[in-house]
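Here's input-v4.cif, which has mmCIF, C-alpha atoms:
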data_coords
#
loop_
_atom_site.label_atom_id
_atom_site.label_comp_id
_atom_site.auth_asym_id
_atom_site.auth_seq_id
_atom_site.Cartn_x
_atom_site.Cartn_y
_atom_site.Cartn_z
CA MET H 1 93.37 100.48 125.69
CA ARG H 2 94.87 100.20 122.22
CA ASN H 3 96.87 103.07 120.80
CA ARG H 4 95.09 103.86 117.54
CA TYR H 5 98.19 105.60 116.19
CA LEU H 6 100.10 102.30 116.35
CA ASP H 7 97.09 100.57 114.78
CA LEU H 8 97.21 103.16 111.99
CA LEU H 9 100.93 102.50 111.44
CA ARG H 10 100.31 98.76 111.12
CA PHE H 11 97.40 99.43 108.76
CA LEU H 12 99.61 101.56 106.50
CA ALA H 13 102.45 99.02 106.68
CA ILE H 14 100.21 96.18 105.50
CA LEU H 15 98.79 98.27 102.64
CA ARG H 16 102.30 99.28 101.63
CA VAL H 17 103.54 95.67 101.61
CA VAL H 18 100.72 94.46 99.37
CA THR H 19 101.01 97.44 97.00
CA TYR H 20 104.78 97.00 96.73
CA HIS H 21 104.52 93.31 95.90
CA VAL H 22 102.08 94.09 93.10
CA THR H 23 103.85 97.12 91.63
CA GLY H 24 107.50 96.49 92.52
CA TYR H 25 108.06 100.22 93.05
CA ALA H 26 111.39 100.51 94.89
CA THR H 27 110.47 104.02 96.06
CA LEU H 28 107.85 102.55 98.37
CA THR H 29 110.54 100.76 100.39
CA LEU H 30 112.33 104.04 101.01
CA VAL H 31 109.24 106.10 101.79
CA PHE H 32 107.89 103.53 104.26
CA PRO H 33 110.16 100.66 105.45
CA ALA H 34 107.12 98.60 106.37
CA MET H 35 108.71 95.33 107.47
CA SER H 36 110.95 96.99 110.05
CA VAL H 37 107.99 98.98 111.35
CA MET H 38 105.99 95.77 111.73
CA PHE H 39 108.84 94.13 113.65
CA ALA H 40 109.16 97.17 115.91
CA LEU H 41 105.43 97.12 116.71
CA ALA H 42 105.63 93.37 117.34
CA GLY H 43 108.60 93.85 119.65
CA SER H 44 106.69 96.41 121.70
CA LEU H 45 103.72 94.05 122.00
CA MET H 46 106.00 91.15 122.93
CA ALA H 47 107.60 93.15 125.74
CA ALA H 48 104.14 94.04 127.05
CA SER H 49 103.12 90.36 126.93
CA LEU H 50 106.25 89.27 128.80
CA ASP H 51 105.60 91.86 131.50
CA ARG H 52 102.04 90.64 131.82
CA SER H 53 102.51 86.86 131.58
CA GLY H 54 106.20 86.07 131.94
CA VAL H 55 107.74 83.32 129.82
CA GLY H 56 104.24 81.96 129.16
CA ALA H 57 103.85 84.85 126.71
CA VAL H 58 106.03 82.90 124.26
CA GLY H 59 103.49 80.10 124.01
CA ARG H 60 100.62 82.55 123.73
CA ARG H 61 102.35 84.46 120.94
CA LEU H 62 103.08 81.27 119.00
CA ARG H 63 99.48 80.15 119.49
CA ARG H 64 98.34 83.34 117.80
CA LEU H 65 100.93 83.07 115.03
CA LEU H 66 100.82 79.47 113.81
CA PRO H 67 97.14 78.59 113.10
CA SER H 68 96.93 81.05 110.19
CA LEU H 69 100.07 79.47 108.73
CA TRP H 70 98.55 76.00 109.10
CA VAL H 71 95.51 77.10 107.09
CA VAL H 72 97.79 78.24 104.27
CA ALA H 73 99.77 75.00 104.50
CA ALA H 74 96.58 72.91 104.38
CA VAL H 75 95.77 74.48 101.01
CA PHE H 76 99.17 74.85 99.36
CA VAL H 77 101.30 71.96 100.62
CA PRO H 78 99.05 69.27 99.03
CA ALA H 79 98.97 71.34 95.83
CA MET H 80 102.79 71.53 95.78
CA LEU H 81 103.14 67.81 96.53
CA LEU H 82 100.93 67.11 93.51
CA THR H 83 103.04 69.39 91.30
CA GLY H 84 106.55 68.22 92.02
CA LEU H 85 107.43 68.88 95.68
CA ALA H 86 109.23 65.86 97.13
CA PHE H 87 107.76 64.59 100.38
CA GLY H 88 110.26 64.37 103.22
CA PRO H 89 110.82 65.28 106.86
CA LYS H 90 111.38 68.95 106.01
CA VAL H 91 107.74 69.26 104.98
CA LEU H 92 107.03 69.33 108.73
CA LEU H 93 108.62 72.78 108.79
CA TRP H 94 105.26 74.02 107.50
CA LEU H 95 103.99 73.32 111.02
CA PHE H 96 106.81 75.13 112.84
CA PRO H 97 109.03 77.13 110.44
CA ILE H 98 112.26 77.58 112.37
CA SER H 99 113.84 77.29 108.91
CA ASP H 100 112.47 77.93 105.45
CA PRO H 101 109.95 75.17 104.68
CA PRO H 102 110.36 73.43 101.31
CA ALA H 103 108.43 74.57 98.25
CA ASN H 104 108.30 73.72 94.57
CA TYR H 105 108.94 76.00 91.60
CA TRP H 106 105.73 78.07 91.87
CA GLY H 107 105.22 77.75 95.63
CA GLY H 108 108.64 79.24 96.35
CA LEU H 109 107.48 82.57 94.94
CA ALA H 110 103.82 82.44 95.93
CA LEU H 111 104.67 81.60 99.54
CA SER H 112 107.84 83.69 99.83
CA PRO H 113 106.42 85.89 102.66
CA ILE H 114 106.87 82.89 104.99
CA TRP H 115 110.30 84.34 105.86
CA TYR H 116 108.51 86.90 108.04
CA LEU H 117 107.00 84.15 110.19
CA ARG H 118 110.37 82.41 110.42
CA ASP H 119 112.03 85.56 111.72
CA TYR H 120 109.06 86.37 113.97
CA LEU H 121 109.24 82.90 115.51
CA TRP H 122 112.95 83.20 116.28
CA PHE H 123 112.53 86.70 117.72
CA VAL H 124 109.70 85.51 119.98
CA LEU H 125 111.80 82.58 121.24
CA ALA H 126 114.73 84.90 121.98
CA SER H 127 112.67 87.64 123.62
CA PRO H 128 112.51 86.49 127.29
CA PHE H 129 116.30 86.40 127.62
CA VAL H 130 116.98 89.41 125.40
CA LEU H 131 114.40 91.60 127.23
CA TRP H 132 116.11 90.70 130.52
CA LEU H 133 119.47 91.63 128.97
CA PHE H 134 118.10 94.79 127.36
CA ARG H 135 116.86 96.16 130.68
CA ARG H 136 120.30 95.72 132.22
CA ALA H 137 122.37 97.03 129.32
CA PRO H 138 120.07 98.77 126.83
CA LEU H 139 122.60 100.47 124.58
CA PRO H 140 124.98 97.51 124.07
CA THR H 141 122.05 95.17 123.51
CA LEU H 142 120.47 97.54 120.99
CA ALA H 143 123.77 98.04 119.17
CA ALA H 144 124.51 94.29 118.90
CA PRO H 145 122.29 93.48 115.86
CA TYR H 146 123.66 96.44 113.89
CA LEU H 147 127.26 95.48 114.71
CA LEU H 148 126.46 91.91 113.65
CA LEU H 149 125.16 93.19 110.32
CA VAL H 150 128.25 95.35 109.82
CA ALA H 151 130.44 92.31 110.45
CA ILE H 152 128.46 90.30 107.89
CA GLU H 153 128.55 93.07 105.27
CA ALA H 154 132.28 93.60 105.80
CA GLY H 155 132.97 89.90 105.26
CA ILE H 156 134.19 89.29 108.80
CA LEU H 157 131.43 86.70 109.17
CA ALA H 158 131.46 84.95 105.81
CA ASN H 159 128.44 82.92 104.69
CA PRO H 160 126.44 83.28 107.91
CA PRO H 161 123.26 81.24 108.41
CA THR H 162 120.14 82.92 107.08
CA VAL H 163 118.64 83.29 110.55
CA LEU H 164 121.78 85.00 111.86
CA ARG H 165 121.69 87.48 108.96
CA GLU H 166 118.02 88.20 109.68
CA PHE H 167 118.82 88.88 113.35
CA GLY H 168 121.28 91.50 112.15
CA LEU H 169 118.79 93.02 109.73
CA TYR H 170 115.54 93.09 111.69
CA PHE H 171 116.17 92.32 115.36
CA GLY H 172 117.35 95.90 115.91
CA ALA H 173 113.83 97.05 114.96
CA TRP H 174 112.39 94.49 117.41
CA LEU H 175 114.62 95.93 120.17
CA LEU H 176 113.48 99.45 119.31
CA GLY H 177 110.02 98.08 120.04
CA PHE H 178 111.31 97.05 123.48
CA ALA H 179 112.60 100.60 123.95
CA HIS H 180 109.22 102.01 122.95
CA HIS H 181 107.37 99.77 125.42
CA ASP H 182 109.74 100.67 128.26
CA GLY H 183 109.34 104.38 127.55
CA LEU H 184 113.01 104.92 126.72
CA LEU H 185 112.25 106.58 123.39
CA ARG H 186 109.55 108.77 124.91
CA ARG H 187 111.92 109.96 127.63
CA MET H 188 114.59 110.98 125.10
CA ARG H 189 114.46 114.70 124.55
CA ASN H 190 114.03 115.98 121.00
CA ARG H 191 117.49 117.53 121.09
CA VAL H 192 118.88 114.00 121.50
CA LEU H 193 116.46 111.77 119.59
CA LEU H 194 116.13 113.88 116.44
CA PRO H 195 119.90 114.37 115.84
CA VAL H 196 120.50 110.65 116.47
CA ALA H 197 117.75 109.79 113.96
CA ALA H 198 119.20 112.27 111.46
CA VAL H 199 122.72 110.83 111.72
CA VAL H 200 121.57 107.19 111.51
CA GLY H 201 119.20 107.99 108.66
CA ALA H 202 121.86 109.90 106.72
CA ALA H 203 124.28 106.99 107.12
CA GLY H 204 121.59 104.60 105.90
CA LEU H 205 120.75 106.72 102.85
CA ALA H 206 124.43 107.19 102.01
CA TRP H 207 124.93 103.42 102.05
CA ILE H 208 121.81 102.84 99.97
CA PHE H 209 122.76 105.31 97.24
CA THR H 210 126.37 104.12 97.08
CA HIS H 211 125.53 100.40 97.16
CA PRO H 212 122.51 99.91 94.85
CA GLY H 213 121.21 96.39 94.49
CA PRO H 214 119.99 94.48 91.43
CA ARG H 215 116.70 96.42 91.60
CA GLY H 216 118.34 99.79 92.09
CA TYR H 217 117.54 101.49 95.37
CA ASP H 218 115.14 98.85 96.65
CA ILE H 219 116.24 98.57 100.29
CA ASN H 220 115.27 94.90 100.42
CA ASP H 221 118.49 94.26 98.45
CA ILE H 222 120.67 96.52 100.65
CA PRO H 223 120.64 95.06 104.21
CA LEU H 224 122.85 97.58 106.02
CA GLY H 225 121.21 100.60 104.42
CA ASN H 226 117.81 99.04 105.14
CA ALA H 227 118.60 98.51 108.84
CA LEU H 228 119.99 102.02 109.39
CA TRP H 229 117.30 103.87 107.43
CA SER H 230 114.58 101.82 109.13
CA ALA H 231 116.03 102.58 112.57
CA ALA H 232 115.87 106.31 111.88
CA PHE H 233 112.31 105.98 110.59
CA ILE H 234 111.25 104.06 113.72
CA LEU H 235 112.91 106.54 116.07
CA VAL H 236 110.79 109.33 114.63
CA THR H 237 107.48 107.64 113.82
CA ILE H 238 107.29 105.39 116.89
CA GLY H 239 109.62 107.25 119.25
CA ARG H 240 107.40 110.29 118.94
CA ALA H 241 104.12 108.37 118.71
CA PRO H 242 101.13 110.34 120.04
CA THR H 243 98.94 108.69 122.65
CA GLY H 244 96.19 108.38 120.07
CA VAL H 245 94.73 109.72 116.85
CA THR H 246 91.08 110.38 117.57
CA TRP H 247 90.38 111.57 114.04
CA VAL H 248 90.73 107.98 112.78
CA ASP H 249 87.50 106.93 114.50
CA ARG H 250 85.69 110.15 113.61
CA VAL H 251 85.60 108.76 110.06
CA PRO H 252 83.64 105.52 110.58
CA ALA H 253 84.79 103.86 107.34
CA LEU H 254 88.46 104.57 108.07
CA GLY H 255 88.18 103.48 111.70
CA ARG H 256 86.54 100.21 110.67
CA ALA H 257 89.17 99.59 107.98
CA VAL H 258 92.02 100.15 110.46
CA THR H 259 90.39 97.72 112.90
CA VAL H 260 89.76 95.05 110.26
CA VAL H 261 93.29 95.18 108.85
CA ASN H 262 94.84 95.02 112.33
CA ARG H 263 92.69 92.05 113.34
CA ARG H 264 93.42 90.28 110.03
CA ALA H 265 97.01 91.42 109.41
CA LEU H 266 98.49 87.92 109.36
CA THR H 267 95.83 86.54 107.02
CA ILE H 268 96.29 89.44 104.60
CA TYR H 269 100.07 89.08 104.69
CA LEU H 270 100.09 85.33 104.10
CA TRP H 271 97.51 85.25 101.30
CA HIS H 272 98.28 88.28 99.18
CA MET H 273 101.38 86.95 97.39
CA PRO H 274 99.69 83.88 95.82
CA PHE H 275 97.19 86.25 94.19
CA VAL H 276 100.00 88.53 92.99
CA VAL H 277 101.73 85.56 91.35
CA ALA H 278 98.52 84.17 89.83
CA LEU H 279 97.27 87.46 88.41
CA THR H 280 100.48 88.51 86.69
CA PRO H 281 100.09 86.22 83.65
CA LEU H 282 96.30 86.52 83.63
CA VAL H 283 96.43 90.29 83.20
CA GLY H 284 98.83 89.78 80.32
CA LEU H 285 96.32 87.53 78.58
CA VAL H 286 93.90 90.42 78.17
CA GLY H 287 96.56 92.56 76.51
CA TRP H 288 97.88 94.68 79.38
CA SER H 289 101.58 94.80 80.05
CA PRO H 290 102.66 94.28 83.69
CA ARG H 291 104.10 97.81 83.55
CA ASP H 292 101.18 99.38 81.75
CA PRO H 293 99.50 101.76 84.25
CA VAL H 294 96.03 100.39 83.55
CA GLY H 295 97.12 96.77 83.88
CA LEU H 296 99.24 97.51 86.92
CA TRP H 297 96.52 99.23 88.94
CA LEU H 298 93.96 96.70 87.76
CA ARG H 299 96.17 94.07 89.37
CA VAL H 300 96.40 96.13 92.57
CA GLY H 301 92.62 96.37 92.77
CA LEU H 302 92.10 92.69 91.97
CA VAL H 303 94.65 91.56 94.56
CA PHE H 304 93.02 93.63 97.29
CA ALA H 305 89.59 92.34 96.27
CA LEU H 306 90.68 88.69 96.31
CA VAL H 307 92.51 89.14 99.61
CA GLY H 308 89.30 90.62 101.00
CA VAL H 309 87.36 87.53 99.91
CA VAL H 310 89.82 85.05 101.42
CA THR H 311 89.98 87.13 104.58
CA LEU H 312 86.22 86.80 104.97
CA MET H 313 86.56 83.05 104.46
CA VAL H 314 89.44 82.20 106.82
CA GLY H 315 90.28 85.37 108.74
CA TRP H 316 88.21 84.18 111.70
CA VAL H 317 91.05 81.73 112.45
CA GLU H 318 92.92 84.70 113.92
CA ASP H 319 90.03 85.26 116.32
CA VAL H 320 90.09 81.63 117.41
CA ALA H 321 93.88 81.73 117.85
CA ALA H 322 93.54 84.86 120.01
CA ARG H 323 90.62 83.31 121.95
CA ARG H 324 88.23 85.98 120.78
CA THR H 325 84.68 85.41 119.61
CA PRO H 326 85.00 84.60 115.88
CA GLU H 327 83.71 87.36 113.63
CA LEU H 328 83.23 87.41 109.90
CA LEU H 329 84.18 91.09 109.79
CA PRO H 330 85.68 92.47 113.00
CA GLY H 331 85.12 95.92 114.40
CA ARG H 332 81.32 95.96 114.47
CA PRO H 333 80.27 98.76 116.86
CA ARG H 334 78.97 97.35 120.12
CA ARG H 335 76.49 99.16 122.33
CA THR H 336 77.78 100.26 125.70
CA VAL H 337 76.12 99.22 128.95
CA ALA H 338 74.48 102.66 129.19
CA GLU H 339 73.13 102.36 125.63
CA ARG H 340 71.71 98.91 126.31
CA ALA H 341 70.09 100.16 129.53
CA ALA H 342 68.55 103.11 127.71
CA ALA H 343 67.06 100.77 125.13
CA ALA H 344 65.45 98.55 127.80
CA PRO H 345 61.70 99.01 128.65
CA ALA H 346 61.20 101.74 131.23
CA SER H 347 57.90 100.27 132.52
CA PRO H 348 57.82 97.37 134.99
CA ALA H 349 55.50 95.66 132.51
CA PRO H 350 57.19 93.80 129.65
CA ALA H 351 57.52 95.70 126.41
CA GLY H 352 54.34 95.22 124.37
CA ALA H 353 52.28 93.92 127.31
CA GLN H 354 49.71 96.72 126.98
CA ASP H 355 49.20 95.94 123.29
CA GLY H 356 48.74 92.29 124.16
CA LEU H 357 46.06 93.06 126.76
CA VAL H 358 44.13 95.30 124.42
CA GLY H 359 44.34 92.72 121.68
CA ALA H 360 42.86 90.13 124.07
CA GLY H 361 39.86 92.39 124.87
CA ALA H 362 41.11 93.57 128.28
CA ARG H 363 40.39 97.11 129.40
CA ILE H 364 43.33 99.05 130.78
CA PRO H 365 42.06 101.13 133.70
CA SER H 366 42.99 104.77 133.85
CA PRO H 367 44.61 106.00 137.04
CA ARG H 368 42.30 107.79 139.47
CA LEU H 369 43.57 111.23 140.12
CA PRO H 370 42.70 112.92 143.44
CA PRO H 371 40.33 115.90 143.34
CA ALA H 372 41.99 119.20 142.81
CA GLY H 373 43.24 120.71 146.05
CA SER H 374 42.92 117.47 148.04
CA ARG H 375 45.74 115.38 149.52
CA GLN H 376 45.71 111.61 149.70
CA PRO H 377 47.55 109.78 152.45
CA GLY H 378 50.72 108.29 151.09
CA GLY H 379 50.53 110.39 147.92
CA TRP H 380 50.78 108.32 144.72
CA ARG H 381 51.24 105.09 146.69
CA SER H 382 47.55 105.18 147.71
CA MET H 383 46.54 104.39 144.11
CA ARG H 384 44.78 101.10 143.50
CA PRO H 385 47.19 98.13 143.35
CA GLY H 386 47.52 96.57 139.94
CA SER H 387 47.67 99.89 138.07
CA VAL H 388 50.62 100.15 135.71
CA PHE H 389 51.60 103.30 137.58
CA ASP H 390 51.70 101.51 140.99
CA SER H 391 55.21 102.06 142.34
CA SER H 392 55.15 98.72 144.12
CA GLY H 393 55.46 97.05 140.73
CA THR H 394 52.80 94.42 141.47
#
Mind turning the file's structure into C-alpha cells?
Amino acid sequence: MRNRYLDLLRFLAILRVVTYHVTGYATLTLVFPAMSVMFALAGSLMAASLDRSGVGAVGRRLRRLLPSLWVVAAVFVPAMLLTGLAFGPKVLLWLFPISDPPANYWGGLALSPIWYLRDYLWFVLASPFVLWLFRRAPLPTLAAPYLLLVAIEAGILANPPTVLREFGLYFGAWLLGFAHHDGLLRRMRNRVLLPVAAVVGAAGLAWIFTHPGPRGYDINDIPLGNALWSAAFILVTIGRAPTGVTWVDRVPALGRAVTVVNRRALTIYLWHMPFVVALTPLVGLVGWSPRDPVGLWLRVGLVFALVGVVTLMVGWVEDVAARRTPELLPGRPRRTVAERAAAAPASPAPAGAQDGLVGAGARIPSPRLPPAGSRQPGGWRSMRPGSVFDSSGT
C-alpha cells in the first residue's frame, strides 16, 4: 500500500518546482529543496524495486522513465532541427540521455529540466551495486557523495565531468532514500537524528549565506550548501515520515489532486518549462512586467492550466510505460468488491424481468400463504415451483 505522506511530499515538490521556474523566487529553494526530496523518494522506490525484482528493476525503471521523454523529443527535436539545430549522432541522446542531449538556442532553455532525467538514469544504473555496498558499509557509502562534493568545491578535483559533479550534489539524497527504505532513519532515535540534522543543516545554511551565487541565496547556484541543507531537510521530513496522512483522502479534491500529480509527475516536470519560456514574452505584450505581481501570478496560473491540458493529452503514456490501464485522469474512485456485490440484483430473476413480463401481458402470481395456524410440510419449500420466491431458483 502506498504511503500517502510520501505521495503528498512528491505532490508539493512538483508544485514547488513549477512555481519556482515561473517566479524565480530564491526563497522557495530554501523553504523546500524539492529536487533533493524527489531524488530521495526515487531512491527509496528504487531500493524497494531492487529487493522485489533484483537487477531486472533497472530495466523496469528505465521503461517507466524513457517513454515520456520520447514524447517530448518527438515534438521538440524536429522543431529544433528546423530552427538551427545541427543533425548529428548526438541527437540520439534524446533517446537515452546519459549526457546532455543537444539543443538549439531556444530549446536549451525550454528543455533544460532534462538534466533531471540524465541524473536519474545514472543513479538507476548505479543502484544495484551501490545498494549492495550501502548495506555492507552504510555510513562510508552515504558520506562518499558529500566528500566528493567537498573535493570538487575545494578545487581538489578541478573541472570534473558534469555527471560526477551531479553524483556529489544529488546522489547523497538518493542514498538517504535507501536508508529510508531499509528503516535506518526510522530506527534512529530522536536524540540522534535531530541533532545530526541540526548540525548538517546549520553547516549548509552557513555555507549558503557566506557563498551567495549570482542569484543571491538560490541554492541551485550553491552546490555544497544545497547538498547539506537538503540532507537535513530529508532527515527530518522523510526520516520522521508518518505511516500515512489519512486527512488527505478525507478531502476528495485534495486526495484526487495528489493522486493525479503523482501519476503524472514526469509529464508535468518535462512539459512545464516550455510553457514558462513561451509565456514570458507573451505576458509582456499585454503590458505586464515579468515582475509585476499581476503579470507574475497570471503566468503561474496560465502555466498550470497549459500543463493540465498537455497532461490530459499525453499523460496516459506514463500509464502505458508502467503497464497500467491508460486513464485520461487517474485516481477515479473504484467500487470495492463488496460495493459491486451490494449493487447486484438480489433476486434470482434478472433485474427488470418482472417489468418485462408485465409489459408483455403476463400475470405474476402471488405466493400462496398457508392458513393462519397451519403448518405446511417443508415450510416455504412447499410453495409452487416457478414462483419468484421459490428457494430452488427454478
Starting from the shown file, work through the PyMOL selection byres ((chain H and resi 166) around 10) and note down what comes out as a short mmCIF file (atom, residue, chain, number, x, y, z; two decimals) with C-alpha atoms, keeping the file's coordinate frame.
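Everything below was put into expr34.cif:
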data_model
loop_
_atom_site.label_atom_id
_atom_site.label_comp_id
_atom_site.auth_asym_id
_atom_site.auth_seq_id
_atom_site.Cartn_x
_atom_site.Cartn_y
_atom_site.Cartn_z
CA TRP H 115 110.30 84.34 105.86
CA TYR H 116 108.51 86.90 108.04
CA ARG H 118 110.37 82.41 110.42
CA ASP H 119 112.03 85.56 111.72
CA TRP H 122 112.95 83.20 116.28
CA PHE H 123 112.53 86.70 117.72
CA PRO H 145 122.29 93.48 115.86
CA LEU H 149 125.16 93.19 110.32
CA PRO H 160 126.44 83.28 107.91
CA PRO H 161 123.26 81.24 108.41
CA THR H 162 120.14 82.92 107.08
CA VAL H 163 118.64 83.29 110.55
CA LEU H 164 121.78 85.00 111.86
CA ARG H 165 121.69 87.48 108.96
CA PHE H 167 118.82 88.88 113.35
CA GLY H 168 121.28 91.50 112.15
CA LEU H 169 118.79 93.02 109.73
CA TYR H 170 115.54 93.09 111.69
CA PHE H 171 116.17 92.32 115.36
CA GLY H 172 117.35 95.90 115.91
CA PRO H 223 120.64 95.06 104.21
#
Inset, instruction - Name the residues in contact with Leu121 in chain H at a cut-off of 9 Å, using all atoms listed in the file, excluding same-chain residues fewer than 3 positions from it; report them as a list in words. - result: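 Residues meeting the cut-off are Arg61, Leu62, Leu65, Phe96, Pro97, Ile98, Tyr116, Leu117, Arg118, Val124, Leu125 and Ala126 of chain H.
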Which residues would end up in the selection if the PyMOL selection byres ((chain H and resi 259) around 12) were applied here, given that I need the answer as a PDB file with C-alpha atoms, in the frame of the given file?
ATOM      1  CA  ARG H   2      94.870 100.200 122.220  1.00  0.00           C
ATOM      2  CA  ASN H   3      96.870 103.070 120.800  1.00  0.00           C
ATOM      3  CA  ARG H   4      95.090 103.860 117.540  1.00  0.00           C
ATOM      4  CA  TYR H   5      98.190 105.600 116.190  1.00  0.00           C
ATOM      5  CA  LEU H   6     100.100 102.300 116.350  1.00  0.00           C
ATOM      6  CA  ASP H   7      97.090 100.570 114.780  1.00  0.00           C
ATOM      7  CA  LEU H   8      97.210 103.160 111.990  1.00  0.00           C
ATOM      8  CA  LEU H   9     100.930 102.500 111.440  1.00  0.00           C
ATOM      9  CA  ARG H  10     100.310  98.760 111.120  1.00  0.00           C
ATOM     10  CA  PHE H  11      97.400  99.430 108.760  1.00  0.00           C
ATOM     11  CA  LEU H  12      99.610 101.560 106.500  1.00  0.00           C
ATOM     12  CA  VAL H 248      90.730 107.980 112.780  1.00  0.00           C
ATOM     13  CA  ASP H 249      87.500 106.930 114.500  1.00  0.00           C
ATOM     14  CA  PRO H 252      83.640 105.520 110.580  1.00  0.00           C
ATOM     15  CA  ALA H 253      84.790 103.860 107.340  1.00  0.00           C
ATOM     16  CA  LEU H 254      88.460 104.570 108.070  1.00  0.00           C
ATOM     17  CA  GLY H 255      88.180 103.480 111.700  1.00  0.00           C
ATOM     18  CA  ARG H 256      86.540 100.210 110.670  1.00  0.00           C
ATOM     19  CA  ALA H 257      89.170  99.590 107.980  1.00  0.00           C
ATOM     20  CA  VAL H 258      92.020 100.150 110.460  1.00  0.00           C
ATOM     21  CA  VAL H 260      89.760  95.050 110.260  1.00  0.00           C
ATOM     22  CA  VAL H 261      93.290  95.180 108.850  1.00  0.00           C
ATOM     23  CA  ASN H 262      94.840  95.020 112.330  1.00  0.00           C
ATOM     24  CA  ARG H 263      92.690  92.050 113.340  1.00  0.00           C
ATOM     25  CA  ARG H 264      93.420  90.280 110.030  1.00  0.00           C
ATOM     26  CA  ALA H 265      97.010  91.420 109.410  1.00  0.00           C
ATOM     27  CA  LEU H 329      84.180  91.090 109.790  1.00  0.00           C
ATOM     28  CA  PRO H 330      85.680  92.470 113.000  1.00  0.00           C
ATOM     29  CA  GLY H 331      85.120  95.920 114.400  1.00  0.00           C
ATOM     30  CA  ARG H 332      81.320  95.960 114.470  1.00  0.00           C
ATOM     31  CA  PRO H 333      80.270  98.760 116.860  1.00  0.00           C
TER      32      PRO H 333
END
Inset, instruction - One decimal, Å: what's the distance from CA of Val22 in chain H over to CA of Arg299 in chain H, could you say? - result: 7.0 Å
Inset, instruction - Extract, using all atoms listed in the file, all DNA, RNA and protein residues at most 7 Å from range 38-43 of chain H, discarding same-chain residues fewer than 5 positions from it, and format them as a list in words. - result: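 Here the answer would be Arg10, Ala13, Ala173, Trp174, Leu175, Leu176, Gly177 and Phe178 of chain H.
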Inset, instruction - Mind giving me the straight-line distance from CA of Gly204 in chain H to CA of Leu228 in chain H in Å, one decimal? - result: 4.6 Å
Legend entry - Nearest candidate to Ser99 in chain H (options H:Ala144, H:Tyr120, H:Leu82, H:Glu327; using only C-alpha atoms):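 With only C-alpha atoms as the atom set, the closest residue is H:Tyr120.
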Legend entry - Interatomic distance (Å, one decimal) between CA of Pro326 in chain H and CA of Ala34 in chain H: 27.9 Å
Inset, instruction - Evaluate the PyMOL selection byres ((chain H and resi 270) around 12) on the structure here and hand back the selected residues as an NGL selection string. - result: :H and (14 or 17-18 or 65-73 or 76 or 110-117 or 264-269 or 271-276 or 307 or 310-311 or 314-315)
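Using all atoms listed in the file, the nearest neighbour of Gly216 in chain H within the list H:Thr27, H:Ser127, H:Thr246, H:Thr19 is H:Thr27.
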Report, as AutoDock Vina command-line options, the centre and edge lengths in Å (one decimal) of the axis-aligned box enclosing every listed atom of range 229-246 of chain H, padded by 5 Å on each side.
--center_x 104.2 --center_y 106.1 --center_z 115.0 --size_x 36.2 --size_y 18.6 --size_z 25.2
Legend entry - Pick from H:Ala231, H:Val303, H:Val77, H:Val320, whichever lies nearest to His21 in chain H using all atoms listed in the file: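 Of H:Ala231, H:Val303, H:Val77, H:Val320, the one nearest His21 in chain H is H:Val303, counting all atoms listed in the file.
If you measure from each of H:Val55, H:Ala227, H:Ala179, H:Ala48 to Arg135 in chain H using all atoms listed in the file, the closest one turns out to be H:Ala179.
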Inset, instruction - Mind checking which residues fall within 10 Å of Ala198 in chain H, counting all atoms listed in the file, ignoring those fewer than 5 positions away in the same chain, and posting them as JSON, numbers by chain? - result: {"H": [193, 203, 204, 229, 232, 233, 235, 236]}
